[in-house]
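Engineer: This is coords_33.cif, which holds mmCIF, C-alpha atoms:
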data_target
loop_
_atom_site.label_atom_id
_atom_site.label_comp_id
_atom_site.auth_asym_id
_atom_site.auth_seq_id
_atom_site.Cartn_x
_atom_site.Cartn_y
_atom_site.Cartn_z
CA MET A 1 34.06 5.63 -7.72
CA ASN A 2 37.09 4.64 -5.63
CA PRO A 3 37.60 1.03 -4.44
CA THR A 4 36.23 1.72 -0.97
CA ASP A 5 32.93 2.70 -2.56
CA GLN A 6 32.58 -0.74 -4.15
CA LYS A 7 31.45 -2.49 -0.98
CA TRP A 8 27.75 -1.86 -1.33
CA PRO A 9 27.65 -2.58 -5.11
CA ARG A 10 29.47 -5.90 -4.51
CA LEU A 11 27.11 -6.91 -1.76
CA ALA A 12 24.08 -5.86 -3.81
CA ALA A 13 25.38 -7.88 -6.78
CA ALA A 14 25.77 -10.95 -4.56
CA VAL A 15 22.16 -10.62 -3.40
CA ARG A 16 20.92 -10.18 -6.97
CA ARG A 17 22.64 -13.42 -7.96
CA ALA A 18 20.79 -15.32 -5.26
CA PRO A 19 17.34 -16.53 -6.20
CA ASP A 20 14.82 -16.44 -3.38
CA PRO A 21 14.23 -20.11 -2.49
CA ARG A 22 10.78 -19.47 -1.04
CA ASP A 23 7.69 -20.55 -2.97
CA PRO A 24 5.92 -17.55 -4.57
CA ALA A 25 2.55 -19.34 -4.87
CA ALA A 26 -0.33 -18.41 -2.59
CA PRO A 27 -0.68 -20.68 0.46
CA TYR A 28 -3.62 -23.08 0.44
CA GLY A 29 -6.89 -21.29 1.21
CA PHE A 30 -5.37 -17.79 1.11
CA ALA A 31 -7.10 -16.66 -2.10
CA THR A 32 -10.49 -18.04 -1.00
CA ARG A 33 -10.24 -16.31 2.37
CA VAL A 34 -9.18 -12.95 0.92
CA ALA A 35 -11.84 -13.05 -1.82
CA ALA A 36 -14.57 -13.83 0.73
CA LEU A 37 -13.30 -11.08 3.07
CA ALA A 38 -13.14 -8.52 0.27
CA LEU A 39 -16.66 -9.16 -0.98
CA ALA A 40 -18.09 -9.35 2.56
CA GLN A 41 -16.41 -6.03 3.33
CA GLU A 42 -18.06 -4.40 0.29
CA ARG A 43 -21.45 -5.84 1.24
CA ALA A 44 -21.05 -4.63 4.84
CA VAL A 45 -20.30 -1.08 3.67
CA ALA A 46 -23.28 -1.13 1.27
CA SER A 47 -25.73 -2.51 3.83
CA LEU A 48 -24.52 -0.03 6.44
CA PHE A 49 -25.21 2.82 4.04
CA GLU A 50 -28.61 1.36 3.17
CA ARG A 51 -29.58 0.95 6.82
CA PHE A 52 -28.49 4.47 7.73
CA SER A 53 -30.30 5.91 4.71
CA TRP A 54 -33.62 4.32 5.72
CA ARG A 55 -33.13 5.34 9.33
CA ALA A 56 -32.33 8.92 8.33
CA LEU A 57 -35.41 9.02 6.10
CA SER A 58 -37.72 7.80 8.87
CA VAL A 59 -36.22 10.24 11.41
CA ALA A 60 -36.62 13.12 8.94
CA GLY A 61 -40.25 12.12 8.27
CA LEU A 62 -41.01 11.91 12.00
CA LEU A 63 -39.49 15.34 12.65
CA ALA A 64 -41.50 16.84 9.80
CA ALA A 65 -44.74 15.34 11.24
CA VAL A 66 -43.94 16.64 14.75
CA CYS A 67 -43.26 20.15 13.40
CA LEU A 68 -46.51 20.08 11.43
CA ALA A 69 -48.53 18.91 14.42
CA SER A 70 -47.06 21.42 16.86
CA ASN A 71 -47.64 24.34 14.48
CA TYR A 72 -50.94 23.13 13.04
CA SER A 73 -53.18 25.78 14.64
CA THR A 74 -50.80 28.60 13.69
CA LEU A 75 -50.64 27.40 10.12
CA VAL A 76 -54.43 27.02 9.79
CA SER A 77 -55.13 30.47 11.21
CA ALA A 78 -52.49 32.02 8.97
CA PHE A 79 -54.16 30.52 5.91
CA GLN A 80 -57.59 31.66 7.05
CA ASN A 81 -56.36 35.19 7.73
CA ASP A 82 -54.69 35.25 4.35
CA ALA A 83 -57.94 34.26 2.62
CA VAL A 84 -59.95 37.22 3.94
CA SER A 85 -57.30 39.72 4.84
CA VAL A 86 -58.61 43.16 5.61
CA ASP A 87 -55.14 44.66 5.45
CA ASP A 88 -54.52 43.29 2.02
CA PRO A 89 -53.58 46.35 -0.15
CA VAL A 90 -55.06 44.75 -3.25
CA SER A 91 -58.45 44.16 -1.64
CA GLU A 92 -58.37 47.71 -0.28
CA ILE A 93 -57.81 49.11 -3.81
CA VAL A 94 -60.60 46.93 -5.14
CA ASP A 95 -62.87 48.22 -2.35
CA ILE A 96 -62.08 51.87 -3.16
CA ALA A 97 -62.69 51.32 -6.84
CA SER A 98 -66.06 49.80 -6.19
CA MET B 1 4.73 -9.19 -13.70
CA PRO B 2 2.65 -12.35 -13.28
CA GLU B 3 3.95 -15.16 -15.48
CA ASP B 4 0.61 -16.65 -16.60
CA GLU B 5 0.13 -15.01 -20.02
CA SER B 6 -3.06 -16.96 -20.75
CA PHE B 7 -4.87 -15.41 -17.80
CA ASP B 8 -7.80 -13.24 -18.96
CA LEU B 9 -7.23 -10.28 -16.67
CA VAL B 10 -9.79 -7.97 -18.28
CA GLY B 11 -12.54 -10.58 -18.15
CA CYS B 12 -11.61 -11.49 -14.60
CA LEU B 13 -11.77 -7.83 -13.49
CA ASP B 14 -15.21 -7.49 -15.10
CA ARG B 15 -16.46 -10.51 -13.18
CA VAL B 16 -14.95 -9.21 -9.94
CA ARG B 17 -16.82 -5.94 -10.44
CA GLN B 18 -20.00 -8.02 -10.70
CA ARG B 19 -19.10 -9.49 -7.31
CA ASP B 20 -18.10 -12.93 -8.59
CA GLN B 21 -16.24 -14.57 -5.72
CA SER B 22 -14.49 -17.21 -7.82
CA ALA B 23 -13.15 -14.47 -10.10
CA ALA B 24 -11.88 -12.60 -7.04
CA ARG B 25 -10.14 -15.79 -5.91
CA ASP B 26 -8.56 -16.28 -9.35
CA LEU B 27 -7.35 -12.68 -9.34
CA VAL B 28 -5.69 -13.10 -5.94
CA GLU B 29 -4.02 -16.34 -7.02
CA HIS B 30 -2.80 -14.72 -10.24
CA LEU B 31 -1.32 -11.66 -8.53
CA TYR B 32 0.00 -13.34 -5.38
CA PRO B 33 3.53 -14.07 -6.76
CA LEU B 34 3.93 -10.42 -7.79
CA VAL B 35 2.76 -9.11 -4.42
CA ILE B 36 4.73 -11.58 -2.30
CA ARG B 37 7.92 -10.83 -4.24
CA ILE B 38 7.55 -7.13 -3.39
CA ILE B 39 6.84 -7.88 0.27
CA ARG B 40 9.78 -10.29 0.60
CA ALA B 41 12.13 -7.86 -1.10
CA HIS B 42 11.32 -4.98 1.19
CA LEU B 43 10.54 -6.44 4.56
CA PRO B 44 12.55 -8.63 6.91
CA ARG B 45 11.52 -12.21 7.57
CA ARG B 46 10.02 -11.49 10.97
CA VAL B 47 7.16 -9.52 9.40
CA ALA B 48 4.09 -11.68 8.86
CA GLU B 49 4.09 -11.60 5.06
CA GLU B 50 0.72 -13.29 4.70
CA ASP B 51 -1.01 -10.63 6.82
CA LEU B 52 0.60 -7.89 4.78
CA ALA B 53 -0.35 -9.61 1.51
CA GLN B 54 -3.94 -9.80 2.75
CA ASP B 55 -3.93 -6.05 3.56
CA ILE B 56 -2.64 -5.29 0.07
CA PHE B 57 -5.31 -7.41 -1.64
CA LEU B 58 -8.10 -5.93 0.48
CA LYS B 59 -6.90 -2.43 -0.48
CA MET B 60 -6.87 -3.54 -4.11
CA PHE B 61 -10.50 -4.72 -3.96
CA THR B 62 -11.63 -1.61 -2.07
CA ARG B 63 -10.04 0.71 -4.65
CA LEU B 64 -10.94 -1.36 -7.70
CA GLU B 65 -13.56 1.16 -8.85
CA GLN B 66 -10.83 3.83 -8.97
CA TYR B 67 -8.77 1.83 -11.48
CA GLN B 68 -9.13 3.60 -14.82
CA GLY B 69 -6.78 1.46 -16.90
CA ALA B 70 -4.20 4.24 -17.42
CA VAL B 71 -1.44 1.80 -16.40
CA PRO B 72 -1.42 -2.01 -16.64
CA PHE B 73 -3.29 -3.56 -13.74
CA PRO B 74 -0.23 -5.38 -12.28
CA HIS B 75 1.63 -2.02 -12.13
CA TRP B 76 -1.31 -0.48 -10.33
CA VAL B 77 -1.27 -3.35 -7.80
CA SER B 78 2.53 -3.06 -7.46
CA ARG B 79 2.11 0.55 -6.48
CA ILE B 80 -0.39 -0.40 -3.76
CA ALA B 81 2.05 -3.09 -2.55
CA VAL B 82 5.02 -0.71 -2.49
CA THR B 83 3.19 2.05 -0.63
CA THR B 84 1.83 -0.48 1.88
CA CYS B 85 5.39 -1.75 2.45
CA ILE B 86 6.61 1.84 2.98
CA ASP B 87 3.85 2.35 5.57
CA GLN B 88 4.89 -0.88 7.28
CA LEU B 89 8.55 0.20 7.33
CA ARG B 90 7.59 3.58 8.77
CA ALA B 91 5.60 1.82 11.49
CA GLN B 92 8.72 -0.12 12.50
CA LYS B 93 10.35 2.90 14.07
CA ARG B 94 13.02 1.05 16.00
CA ARG B 95 16.27 0.73 14.06
CA PRO B 96 18.56 -1.41 16.22
CA GLU B 97 22.24 -0.61 16.11
CA PHE B 98 24.15 -2.75 13.66
CA ARG B 99 26.68 -4.92 15.53
CA TRP B 100 29.08 -7.65 14.47
CA ALA B 101 27.92 -9.72 17.47
CA ASP B 102 24.38 -9.94 16.08
CA LEU B 103 25.49 -11.54 12.83
CA SER B 104 25.44 -15.25 12.15
CA GLU B 105 28.70 -16.92 11.18
CA ASN B 106 27.81 -16.89 7.49
CA GLU B 107 26.68 -13.26 7.59
CA ALA B 108 29.95 -12.27 9.30
CA ASP B 109 31.92 -14.13 6.60
CA VAL B 110 30.02 -12.30 3.86
CA LEU B 111 30.58 -8.95 5.53
CA ASP B 112 34.25 -9.74 5.99
CA ALA B 113 34.58 -10.63 2.30
CA VAL B 114 32.90 -7.38 1.33
CA LEU B 115 34.97 -5.23 3.68
CA THR B 116 38.33 -6.73 2.80
CA ASN B 117 37.61 -6.51 -0.93
CA GLU B 118 39.68 -9.67 -1.34
CA ASN B 119 37.17 -12.40 -2.05
CA ASP B 120 33.95 -12.42 -3.96
CA VAL B 121 30.89 -13.39 -2.02
CA GLU B 122 30.40 -17.08 -2.73
CA ALA B 123 27.21 -18.30 -4.30
CA GLY B 124 26.58 -20.55 -1.28
CA ASP B 125 26.52 -17.50 0.94
CA ALA B 126 23.81 -15.78 -1.07
CA LEU B 127 21.15 -16.35 1.56
CA ALA B 128 23.44 -14.97 4.25
CA ALA B 129 24.17 -11.99 1.98
CA ARG B 130 20.43 -11.38 1.66
CA GLU B 131 19.94 -11.43 5.43
CA LEU B 132 22.95 -9.18 5.90
CA VAL B 133 21.57 -6.68 3.42
CA HIS B 134 18.23 -6.63 5.27
CA LYS B 135 20.06 -5.86 8.51
CA LEU B 136 22.12 -3.13 6.87
CA LEU B 137 19.10 -1.57 5.20
CA ALA B 138 17.28 -1.54 8.54
CA GLN B 139 19.71 1.22 9.52
CA LEU B 140 18.33 3.54 6.84
CA LYS B 141 15.24 5.71 6.90
CA PRO B 142 12.26 3.81 5.45
CA ASP B 143 11.96 5.98 2.34
CA ASP B 144 15.72 5.85 1.62
CA ARG B 145 15.67 2.12 2.17
CA MET B 146 12.83 1.65 -0.30
CA VAL B 147 14.67 3.65 -2.97
CA ILE B 148 18.00 1.86 -2.61
CA GLN B 149 16.25 -1.52 -2.60
CA LEU B 150 14.40 -0.76 -5.82
CA LEU B 151 17.39 0.87 -7.48
CA ASP B 152 20.33 -1.38 -6.53
CA LEU B 153 18.73 -4.73 -5.74
CA GLU B 154 15.82 -4.80 -8.15
CA GLN B 155 17.60 -2.62 -10.73
CA LYS B 156 14.60 -0.45 -11.48
CA THR B 157 15.13 2.87 -13.22
CA ILE B 158 14.60 6.24 -11.54
CA ALA B 159 11.46 6.75 -13.66
CA GLU B 160 10.07 3.35 -12.63
CA ILE B 161 10.70 4.07 -8.95
CA SER B 162 9.05 7.44 -9.33
CA GLY B 163 6.02 5.73 -10.87
CA LEU B 164 5.86 3.09 -8.15
CA THR B 165 6.26 5.39 -5.17
CA GLY B 166 4.63 8.57 -6.47
CA TRP B 167 7.78 10.58 -5.56
CA SER B 168 9.39 12.96 -8.05
CA GLN B 169 12.51 11.78 -9.90
CA SER B 170 14.71 14.35 -8.15
CA LEU B 171 13.44 13.20 -4.76
CA VAL B 172 14.24 9.60 -5.71
CA LYS B 173 17.79 10.67 -6.68
CA VAL B 174 18.26 12.58 -3.42
CA ARG B 175 17.08 9.58 -1.40
CA ALA B 176 19.37 7.21 -3.31
CA PHE B 177 22.35 9.52 -2.74
CA ARG B 178 21.54 9.82 0.96
CA ALA B 179 21.12 6.05 1.34
CA ARG B 180 24.42 5.24 -0.40
CA ARG B 181 26.29 7.79 1.69
CA LYS B 182 24.82 6.31 4.88
CA LEU B 183 25.82 2.80 3.76
CA GLN B 184 29.38 3.97 3.04
CA LYS B 185 29.56 5.47 6.50
CA LEU B 186 28.25 2.25 7.98
CA PHE B 187 30.84 0.15 6.15
CA LYS B 188 33.58 2.50 7.38
CA GLU B 189 32.40 2.15 10.98
CA LEU B 190 32.26 -1.64 10.65
CA GLU B 191 35.79 -1.70 9.26
CA GLN B 192 37.04 0.32 12.22
CA LYS B 193 35.25 -1.99 14.65
CA GLU B 194 36.70 -5.04 12.93
CA HIS B 195 40.23 -3.69 13.26
CA SER B 196 39.83 -2.53 16.85
#
Would you write out, as structure tokens, the structure that this file holds?
Structural biologist:
Amino acid sequence: MNPTDQKWPRLAAAVRRAPDPRDPAAPYGFATRVAALALAQERAVASLFERFSWRALSVAGLLAAVCLASNYSTLVSAFQNDAVSVDDPVSEIVDIAS
Amino acid sequence: MPEDESFDLVGCLDRVRQRDQSAARDLVEHLYPLVIRIIRAHLPRRVAEEDLAQDIFLKMFTRLEQYQGAVPFPHWVSRIAVTTCIDQLRAQKRRPEFRWADLSENEADVLDAVLTNENDVEAGDALAARELVHKLLAQLKPDDRMVIQLLDLEQKTIAEISGLTGWSQSLVKVRAFRARRKLQKLFKELEQKEHS
């Protein structure tokens, strides 16, 4: 490294020699505030999830009930038809056999 | 690293995971000197260091469940602090031109001593030297600035910088080379301006 390249290393060395005079301790109340914020933040996220979960469950239940109600007659008739189906190949075979 | 060797970090972390607020407070107090040293080293005085420290600690608490213990906890927190500082530096897009006229008398004396290569920078001018370095480093790209700060001012190794920033060792070397070249160019320009 030629002498002209020594400028930055000299300046960096001067800075390294200088201790930072500022106090490294946390200012009064800082730790309490941050700890409270951090735990409140976690609780807020958890309660948000909880609230949305319950809401989603109730909406899903309501939709299922509406679907069931609107298709009730179709479902009942389908079951009844299934019970005594004339077109049922198995019952037809049984009929022939008897 | 935090100085208080008697601090029961493992026990404290366990209590924080059980949402113990006093443990969270103790953890912040224990790690504050480490975090504030990183912030002060990388950011100029005008940045609100307390706000940034708060951001770093909130990130630490949010990601606490991700900490697996592969590295010591203070190193893990240092990495969060360093990456948050890089984000802050990137957000400060404006890099004002470096001018002699903007320097204080002490800063100009320090720069003069460095440029003329005649006198050593006096111990009394250390604070001015620190401010001058911040102004010079503000001329670099944020990533280059971070590397040169860690390498030349904090005397970390390439491997340590790679661990702190998450960049590969060759990328760290490239950034250091680029930063030093830019600083040399800057010193040359300042010399020319001084003589003109």
Engineer: Could you give me, as a Markdown table, a per-residue list for chain A showing, wherever an atom lies at most 8 Å from an atom of chain B, the closest pair of atoms and their distance in Å to one decimal, using all atoms listed in the file and sorting by chain then residue number from low to high?
Structural biologist:
| residue | atom | partner | partner_atom | distance |
| --- | --- | --- | --- | --- |
| A:Asp5 | CA | B:Gln184 | CA | 6.8 |
| A:Lys7 | CA | B:Val114 | CA | 5.6 |
| A:Trp8 | CA | B:Leu183 | CA | 7.2 |
| A:Pro9 | CA | B:Asp152 | CA | 7.6 |
| A:Arg10 | CA | B:Val114 | CA | 6.9 |
| A:Leu11 | CA | B:Val114 | CA | 6.6 |
| A:Ala12 | CA | B:Leu153 | CA | 5.8 |
| A:Ala13 | CA | B:Leu153 | CA | 7.4 |
| A:Ala14 | CA | B:Val121 | CA | 6.2 |
| A:Val15 | CA | B:Arg130 | CA | 5.4 |
| A:Arg16 | CA | B:Leu153 | CA | 6.0 |
| A:Arg17 | CA | B:Ala126 | CA | 7.4 |
| A:Ala18 | CA | B:Ala126 | CA | 5.2 |
| A:Pro24 | CA | B:Pro33 | CA | 4.8 |
| A:Ala25 | CA | B:Pro33 | CA | 5.7 |
| A:Ala26 | CA | B:Tyr32 | CA | 5.8 |
| A:Ala31 | CA | B:Arg25 | CA | 5.0 |
| A:Thr32 | CA | B:Arg25 | CA | 5.4 |
| A:Val34 | CA | B:Gln54 | CA | 6.4 |
| A:Ala35 | CA | B:Arg25 | CA | 5.2 |
| A:Ala36 | CA | B:Gln21 | CA | 6.7 |
| A:Leu37 | CA | B:Leu58 | CA | 7.8 |
| A:Ala38 | CA | B:Leu58 | CA | 5.7 |
| A:Leu39 | CA | B:Arg19 | CA | 6.8 |
| A:Glu42 | CA | B:Thr62 | CA | 7.4 |
Engineer: Mind pulling up the distance from atom CA of B:Glu65 to atom CA of B:Met146?
Structural biologist: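 If I compute the distance from atom CA of B:Met146 to atom CA of B:Glu65, I get 27.7 Å.
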Engineer: Run the PyMOL selection byres ((chain B and resi 74) around 9) against the file shown and list the residues it catches, as an NGL selection string.
Structural biologist: :B and (1-2 or 31 or 34 or 71-73 or 75-79)
Engineer: How would the residues just chosen look if you wrote them out with C-alpha atoms as a PDB file, keeping the file's coordinate frame?
Structural biologist:
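Just written: out.pdb:
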ATOM      1  CA  MET B   1       4.730  -9.190 -13.700  1.00  0.00           C
ATOM      2  CA  PRO B   2       2.650 -12.350 -13.280  1.00  0.00           C
ATOM      3  CA  LEU B  31      -1.320 -11.660  -8.530  1.00  0.00           C
ATOM      4  CA  LEU B  34       3.930 -10.420  -7.790  1.00  0.00           C
ATOM      5  CA  VAL B  71      -1.440   1.800 -16.400  1.00  0.00           C
ATOM      6  CA  PRO B  72      -1.420  -2.010 -16.640  1.00  0.00           C
ATOM      7  CA  PHE B  73      -3.290  -3.560 -13.740  1.00  0.00           C
ATOM      8  CA  HIS B  75       1.630  -2.020 -12.130  1.00  0.00           C
ATOM      9  CA  TRP B  76      -1.310  -0.480 -10.330  1.00  0.00           C
ATOM     10  CA  VAL B  77      -1.270  -3.350  -7.800  1.00  0.00           C
ATOM     11  CA  SER B  78       2.530  -3.060  -7.460  1.00  0.00           C
ATOM     12  CA  ARG B  79       2.110   0.550  -6.480  1.00  0.00           C
TER      13      ARG B  79
END
Engineer: Mind giving me the straight-line distance from atom CA of B:Ser168 to atom CA of B:His134 in Å, one decimal?
Structural biologist: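 Going from atom CA of B:Ser168 over to atom CA of B:His134 covers 25.3 Å.
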Engineer: Find the spatial neighbours of B:Lys193, counting all atoms listed in the file, within a cut-off of 12 Å - ignore same-chain residues fewer than 3 positions away - and output them as a list in words.
Structural biologist: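 The filter keeps Phe98, Arg99, Trp100, Ala101, Asp112, Leu115, Leu186, Phe187, Lys188, Glu189, Leu190 and Ser196 of chain B.
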Engineer: Considering all atoms listed in the file, can you say which of B:Ile39, B:Ile158, B:Leu103, B:Ala108 comes closest to B:Thr84?
Structural biologist: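 Ranked by minimum distance to B:Thr84, first place goes to B:Ile39.
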Engineer: Show me, as number ranges by chain, the residues that have an atom within 12 Å of B:Thr157 when counting all atoms listed in the file, minus same-chain residues fewer than 6 positions from it.
Structural biologist: B: 147-151, 163-164, 169, 172-173, 176
